[in-house]
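Beneath this line is the structure, given in structure tokens, with notes to follow.
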Amino acid sequence: MPHVQLAGLKKAYGSHVALQDISLDIERGHFFTLLGPSGCGKTTLLRAIAGFHRQDQGDILLEGQSISHLNANERDVGMVFQDYAVFPHLSVFDNVAFGLVQKKLSRSEIQQRVSDILATVQLESYAQRMPHQLSGGQQQRVGLARALVIRPKVLLMDEPLSNLDAKLRVDLRRDIRALQQRLGITTLYVTHDQEEALSLSDQICVMHNGVVQQVGSPWDIYQAPANRFVATFVGSNNFFDIDRRADGQSYLLGQAIDGHLPDDRLMRPGIGASVRPEKIKVNASLQGPGIQIAGRIRQSMFSGRELQLTVEVEGYGVVDALVSPSVDNVNLHLNDAVQLSIASADLQYFEPGETGARIP
Ligand SMILES: Nc1ncnc2c1ncn2[C@@H]1O[C@H](COP(=O)(O)OP(=O)(O)OP(=O)(O)O)[C@@H](O)[C@H]1O
Ligand SMILES: [Mg+2]
């Protein structure tokens, strides 16, 4: 049985539908991420699970039991917010103890549980500090300790890292994942950062306009996006239109697509093709069928581990390629002519429209 089940959730704010028929199963102990652009309904969904507001339709089940009728404090879930939400007038200890005091636990038990959880989030020597004496990362650890100290069945986190600087974000990301795995706690995590979602999650749910676009492992979402929206939102992708010419063949960027492609399905108007930047070869030959495109370097950015090339293709626009730096390519300059090669197997095809399905 899934640990958490969402069954047909709907939520509207006036005439604006924020969640349209969301059904999801979340396995016990999984790190499950809701990923999508601003306004797609991530916070609305998390707050419905936490019990801060009620859905208009549908049910939320924890361990097979409906929790929809319960108040937030009766639901056995802990929540961490984007803006820390620590009480400024309470010490770290008292912030973390807050939920336990409300539950009227004994002083000694509160002392023990708060000390344990502060050690878990590596804040044991900060118990008597006030929030304003902490860094953003430390405040967020207080938020995490406060959510975990009540020993919730499910941990909900709404963009907990987005107010932190880049370096701290990556450090704390690693700590959160390690802690989640150690505690084995089922976690629902919200982010609009695709890299964060890919690196943290067991499962990702990509959302757009209140609708689930795809649920899958990070690998599935990246390698086999369900539709154009997922292909565009997760990682980067070059999209091409396909034309059919008088000779009856399909062409991409003015080049004949190799005959191995499922031509009949590509003949319909509006079908698009995509390729990931890292799949494009620059001045290197292909093994097997594919296409070649001539272009000129418009920008070259070397970042140590990789080289990002922006290539202008006449009559089309720009194509992004990501290659391993080598003596042959790091010295490419503005306007240098290059040959791009794409293996047929690395092209993906999509139905028309923003959420057009991938053609398998
Ligand atoms: N209290 C509210 N009243 C009216 N509309 C709301 C309310 N809360 C959210 N919305 C709208 O519902 C939609 C979903 O909002 P939500 O906060 O869930 O998005 P989100 O995915 O969390 O976005 P972000 O990444 O910016 O936090 C948005 O269009 C938003 O404007
Ligand atoms: Mg939000």
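As shown in the structure tokens, the chain order sets the letters A, B, ...; within each chain, residues go from 1, and ligands are also counted from 1 in the order they appear.
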Long-range neighbours of Arg28 of chain A as a ChimeraX atom specification, 10 Å cut-off, only C-alpha atoms, 4 positions minimum in chain:
/A:1-4,32,63,153-154,184-187
Could those residues be written to a file, using C-alpha atoms, as a CSV table (one decimal), in the first residue's frame?
chain,number,residue,atom,x,y,z
A,1,MET,CA,0.0,0.0,0.0
A,2,PRO,CA,1.4,3.5,-0.8
A,3,HIS,CA,2.2,5.5,2.3
A,4,VAL,CA,0.4,8.6,1.1
A,32,PHE,CA,9.0,12.5,-3.6
A,63,GLU,CA,-1.5,4.6,5.5
A,153,LYS,CA,4.9,10.1,9.6
A,154,VAL,CA,5.5,12.4,6.6
A,184,GLY,CA,13.7,6.7,6.3
A,185,ILE,CA,11.0,9.3,6.5
A,186,THR,CA,8.5,9.7,3.6
A,187,THR,CA,9.2,13.2,2.3
Write out as a list in words each polymer residue whose atoms come within 6 Å of Ile342 of chain A, counting only C-alpha atoms; drop sequence neighbours fewer than 2 positions from it.
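Those residues are Ile280, Gly290 and Ile291 of chain A.
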Please dump the current selection as a PDB file, in the first residue's frame; keep C-alpha atoms.
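Saved file part-v4.pdb follows:
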ATOM      1  CA  ILE A 280      25.265  16.742 -30.100  1.00  0.00           C
ATOM      2  CA  GLY A 290      22.101  10.542 -38.153  1.00  0.00           C
ATOM      3  CA  ILE A 291      22.112  14.053 -39.483  1.00  0.00           C
TER       4      ILE A 291
END
Output the neighbourhood of ligand 2 as a list in words, that is, all protein and nucleic acid residues with some atom at most 9 Å from the ligand, counting only C-alpha atoms and all ligand atoms.
Ser38, Gly39, Cys40, Gly41, Lys42, Thr43, Thr44, Leu46, Gln82, Asp158, Glu159, Val190, Thr191 and His192 of chain A
Store the residues picked out above in a file with N, CA and C atoms, as a PDB file, in the first residue's frame.
ATOM      1  N   SER A  38       6.572  28.426 -11.331  1.00  0.00           N
ATOM      2  CA  SER A  38       5.833  29.247 -10.389  1.00  0.00           C
ATOM      3  C   SER A  38       4.348  29.269 -10.768  1.00  0.00           C
ATOM      4  N   GLY A  39       3.496  29.079  -9.757  1.00  0.00           N
ATOM      5  CA  GLY A  39       2.056  29.181  -9.999  1.00  0.00           C
ATOM      6  C   GLY A  39       1.398  27.888 -10.456  1.00  0.00           C
ATOM      7  N   CYS A  40       2.157  26.781 -10.545  1.00  0.00           N
ATOM      8  CA  CYS A  40       1.565  25.544 -11.079  1.00  0.00           C
ATOM      9  C   CYS A  40       0.746  24.791 -10.034  1.00  0.00           C
ATOM     10  N   GLY A  41       0.821  25.221  -8.753  1.00  0.00           N
ATOM     11  CA  GLY A  41      -0.029  24.605  -7.728  1.00  0.00           C
ATOM     12  C   GLY A  41       0.707  23.770  -6.697  1.00  0.00           C
ATOM     13  N   LYS A  42       2.024  23.859  -6.656  1.00  0.00           N
ATOM     14  CA  LYS A  42       2.815  23.027  -5.740  1.00  0.00           C
ATOM     15  C   LYS A  42       2.491  23.320  -4.280  1.00  0.00           C
ATOM     16  N   THR A  43       2.530  24.610  -3.914  1.00  0.00           N
ATOM     17  CA  THR A  43       2.254  24.983  -2.524  1.00  0.00           C
ATOM     18  C   THR A  43       0.807  24.656  -2.157  1.00  0.00           C
ATOM     19  N   THR A  44      -0.100  24.891  -3.094  1.00  0.00           N
ATOM     20  CA  THR A  44      -1.512  24.587  -2.848  1.00  0.00           C
ATOM     21  C   THR A  44      -1.676  23.102  -2.507  1.00  0.00           C
ATOM     22  N   LEU A  46       0.705  21.014  -1.329  1.00  0.00           N
ATOM     23  CA  LEU A  46       1.362  20.688  -0.066  1.00  0.00           C
ATOM     24  C   LEU A  46       0.528  21.149   1.133  1.00  0.00           C
ATOM     25  N   GLN A  82       9.568  27.796   3.110  1.00  0.00           N
ATOM     26  CA  GLN A  82      10.605  28.521   2.377  1.00  0.00           C
ATOM     27  C   GLN A  82      11.239  29.634   3.213  1.00  0.00           C
ATOM     28  N   ASP A 158       8.508  22.898   1.598  1.00  0.00           N
ATOM     29  CA  ASP A 158       8.146  23.798   0.500  1.00  0.00           C
ATOM     30  C   ASP A 158       9.309  24.727   0.165  1.00  0.00           C
ATOM     31  N   GLU A 159      10.048  24.421  -0.858  1.00  0.00           N
ATOM     32  CA  GLU A 159      11.193  25.211  -1.316  1.00  0.00           C
ATOM     33  C   GLU A 159      12.094  25.631  -0.152  1.00  0.00           C
ATOM     34  N   VAL A 190       8.920  20.268  -2.363  1.00  0.00           N
ATOM     35  CA  VAL A 190       8.490  21.141  -3.462  1.00  0.00           C
ATOM     36  C   VAL A 190       9.655  21.994  -3.938  1.00  0.00           C
ATOM     37  N   THR A 191       9.844  22.041  -5.246  1.00  0.00           N
ATOM     38  CA  THR A 191      10.849  22.947  -5.793  1.00  0.00           C
ATOM     39  C   THR A 191      10.484  23.330  -7.217  1.00  0.00           C
ATOM     40  N   HIS A 192      11.015  24.474  -7.673  1.00  0.00           N
ATOM     41  CA  HIS A 192      10.901  24.755  -9.107  1.00  0.00           C
ATOM     42  C   HIS A 192      12.269  24.609  -9.762  1.00  0.00           C
TER      43      HIS A 192
END
Can you list, as JSON, numbers by chain, all residues belonging to segment 106-299 of chain A that DSSP tags as helix (DSSP H, G or I)?
{"A": [107, 108, 109, 110, 111, 112, 113, 114, 115, 116, 117, 118, 119, 120, 124, 125, 126, 131, 132, 133, 136, 137, 138, 139, 140, 141, 142, 143, 144, 145, 146, 147, 148, 166, 167, 168, 169, 170, 171, 172, 173, 174, 175, 176, 177, 178, 179, 180, 181, 182, 183, 194, 195, 196, 197, 198, 199, 200, 218, 219, 220, 221, 222, 223, 228, 229, 230, 231, 232, 233, 263, 264, 265, 266, 277, 278, 279]}
Would you mind telling me which residue in A:Ser199, A:Gln20, A:Asn209, A:Asn283 lies nearest to ligand 1 when using only C-alpha atoms and all ligand atoms?
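Among A:Ser199, A:Gln20, A:Asn209, A:Asn283, it is A:Asn209 that comes nearest to ligand 1.
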Selected residue of minimal separation from ligand 1 among A:Val17, A:Cys205, A:Ala345, A:Leu155, counting only C-alpha atoms and all ligand atoms:
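Smallest distance to ligand 1 is found for A:Val17.
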Give me the residues near Thr120 of chain A as a PyMOL selection string, where near means some atom within 12 Å (using only C-alpha atoms) and where sequence neighbours in that chain fewer than 4 positions away do not count.
chain A and resi 113-116+124-125+141-142+144-146+148-149+175-176+178-180+182-183
Could you write out the selected residues, including C-alpha atoms, as a compact mmCIF listing (two decimals), in the first residue's frame?
# COMPACT_ATOMS: atom_id res chain seq x y z
CA ARG A 113 14.01 15.00 22.16
CA VAL A 114 15.11 18.55 21.40
CA SER A 115 18.75 17.72 22.21
CA ASP A 116 18.61 14.65 20.00
CA GLU A 124 23.67 21.07 19.28
CA SER A 125 25.87 23.99 20.31
CA ARG A 141 18.02 23.64 10.05
CA VAL A 142 15.97 24.94 12.99
CA LEU A 144 13.82 21.16 9.87
CA ALA A 145 14.45 20.21 13.51
CA ARG A 146 11.13 21.71 14.53
CA LEU A 148 11.10 16.45 12.73
CA VAL A 149 10.98 16.66 16.53
CA ASP A 175 22.48 17.05 4.26
CA ILE A 176 18.72 16.87 3.79
CA ALA A 178 21.38 12.05 3.91
CA LEU A 179 19.15 12.79 6.90
CA GLN A 180 16.00 11.71 5.05
CA ARG A 182 18.94 7.83 7.61
CA LEU A 183 15.53 8.47 9.19
So which residues of segment 42-212 of chain A fall under strand (DSSP E or B) by DSSP, listed as a PyMOL selection string?
chain A and resi 57-62+65-66+77-80+154-158+186-191+203-208+211-212
From the set A:His16, A:His89, A:Arg358, A:His69, which residue has the shortest atom-to-atom contact distance to ligand 1, counting only C-alpha atoms and all ligand atoms?
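Smallest distance to ligand 1 is found for A:His16.
Distances from A:His208, A:Lys279, A:Arg129, A:His30 to ligand 1 were compared using only C-alpha atoms and all ligand atoms, and the smallest one belongs to A:His208.
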Nearby residues (only C-alpha atoms) at most 8 Å from Leu100 of chain A, same-chain spacing under 2 positions excluded, as a list in words
Ala97, Phe98, Gln102, Lys103, Lys104, Leu105, Ile110, Val149 and Ile150 of chain A
